[in-house]
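Note sheet for the following structure.
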Amino acid sequence: MAYYYVDDVEGFQAVTHMLRVCSEYFSVPTVVDGEELKEKLKMLNELYVIWTEDKLDDSSYPSGVYKLVCEMFSKNVFRRSPLFSYILEDEINAELMWEFKQLSPVYKVFTAFVNLKGFDGEKLAPYVDETFISALTRRLQDSCVEAEREGLKQILSDLFEKALYLREYVLLGIINSLINYGPMSINGGVNELLEVFQILMCHKMVGSPTIFKVLSPLVKRNGLCHYAVRLQKCFEAAARYVDARLPARFVDDAIGNWQASAADVPSLCRTLAALYFDMCGPESRPLVRGRLVGHVADKLRQLAADASAAVCLAYAEICGRLLDDEVAGREHVADMERVAEGLIAVHTKHRDYGCVERVDRLLRRLIDGGADGRRSMVGDACRLSVVEALAGDRLRTMDERLIDKEF
């Protein structure tokens with residue numbers, strides 16, 4: 001297929017013709033797939049094949065082709081979105097699916113072109129600028145179709161790697177989108193934006209103040225459960241490539257601004273535990289240990305009777321990891337006693353059998369010995385309180401009440 005290359009005038013003209021045809025966007029039809037749309041999709045597929053089968057290092061195109069590629073992309077993509085990002089995935093309507101049917105091959109063609117061996121970022125410069133990147137990130141943020149967000153994320157990542165002059169624009173676009181992330185974007189492109197942001201951190205393009213400004217508010221969002229895994233990877237990248245002290249700052253800020261709905265407490269607890277136990281180093285962990293222990297103990301006491309089982313178990317999981325922590329278990333008896341007070345409150349008042357059973361095991365560990373198995377992890381007075389709580393044998397009482405209700 002020699003017409004891939006600029007030296008072949010006939011092939012070059014064929015490519016430019018296909019790009020012009022593919023620049024037209026077809027609105028929602030009254031009938032299924034007209035002939036013009038079929039021809040457009042066919043040509044997009046041909047362009048994709050041409051550029052993904054590129055084998056030679058000298059495959060290059062003149063500036064005019066770069067212009068046509070960018071015009072084709074802009075005319076198809078940068079229009080009014082038919083739906084906003086708060087629409088649920090199972091509510092996506094025919095208009096949006098019709099749109100994505102055309103945009104999916106457009107994204108593939110643009111990605112294939114950017115990844116040509118002969119791709120030249122300087123030829124792209126007149127047609128892809130800050131405005132283009134800003135529109136691209138907005139589109140990613142607003143899309144409620146996961147496959148589309150993935151395609152847009154790939155394009156941003158490829159432009160970042162292939163066109164060095166665009167890196168600053170990509171950085172600004174991602175930062176602004178994440179900072180302006182609102183409550184209606186719960187199913188939007190936060191995961192994908194964070195993935196690109198992680199790449200920026202790995203390239204050490206983002207400083208500690210900016211990272212803290214961008215990521216800290218995301219810990220407190222009610223939609224945390226939708227992107228908690230990706231956020232944790234960003235925390236890891238921030239600590240590894242930028243500043244090892246950042247996880248301690250995140251822990252401190254998350255506790256100081258604890259704003260989570262009951263549904264998101266488990267995600268918030270998992271994120272907090274990952275920050276403290278997996279990312280805080282031996283130097284920074286002592287700085288926030290007291291705050292973490294106090295926060296968990298206070299929440300256990302406050303929610304002892306009314307918290308859902310999921311919330312109670314989420315806090316109990318942090319307690320279990322605190323008991324596993326050798327430093328805290330052996331040298332910080334006062335911290336363990338605060339934890340014991342919260343666990344006793346749950347053991348005494350909570351109505352869920354699974355929660356009481358989990359707390360029962362933790363209390364026994366506190367008095368039977370720490371990670372070394374040699375001595376109690378609390379003082380004598382606290383140990384007595386734990387023993388008294390366990391002596392009530394609440395689990396047996398709950399079993400008996402359950403049997404009485406059934407029979």
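Order determines the names: the first chain of the structure tokens is A, the second B, and so forth; residues in each chain are numbered 1 upward, and ligands are numbered 1 upward as they are shown.
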
Would you list the contacts of Ser267 (chain A) as a list in words, taking every protein, DNA or RNA residue within 7 Å and counting only C-alpha atoms, but skipping same-chain residues closer than 5 positions in sequence? Leu224, Cys225 and Ala228 of chain A

How about saving the chosen residues, N, CA, C and O atoms kept, as a short mmCIF file (atom, residue, chain, number, x, y, z; two decimals), in the first residue's frame?
data_model
loop_
_atom_site.label_atom_id
_atom_site.label_comp_id
_atom_site.auth_asym_id
_atom_site.auth_seq_id
_atom_site.Cartn_x
_atom_site.Cartn_y
_atom_site.Cartn_z
N LEU A 224 -16.01 9.32 46.27
CA LEU A 224 -14.68 8.71 46.41
C LEU A 224 -14.66 7.25 45.99
O LEU A 224 -13.68 6.78 45.40
N CYS A 225 -15.72 6.52 46.26
CA CYS A 225 -15.73 5.09 45.96
C CYS A 225 -15.56 4.82 44.47
O CYS A 225 -15.13 3.74 44.07
N ALA A 228 -11.35 5.67 44.12
CA ALA A 228 -10.42 5.53 45.25
C ALA A 228 -9.15 4.78 44.86
O ALA A 228 -8.05 5.14 45.29
#
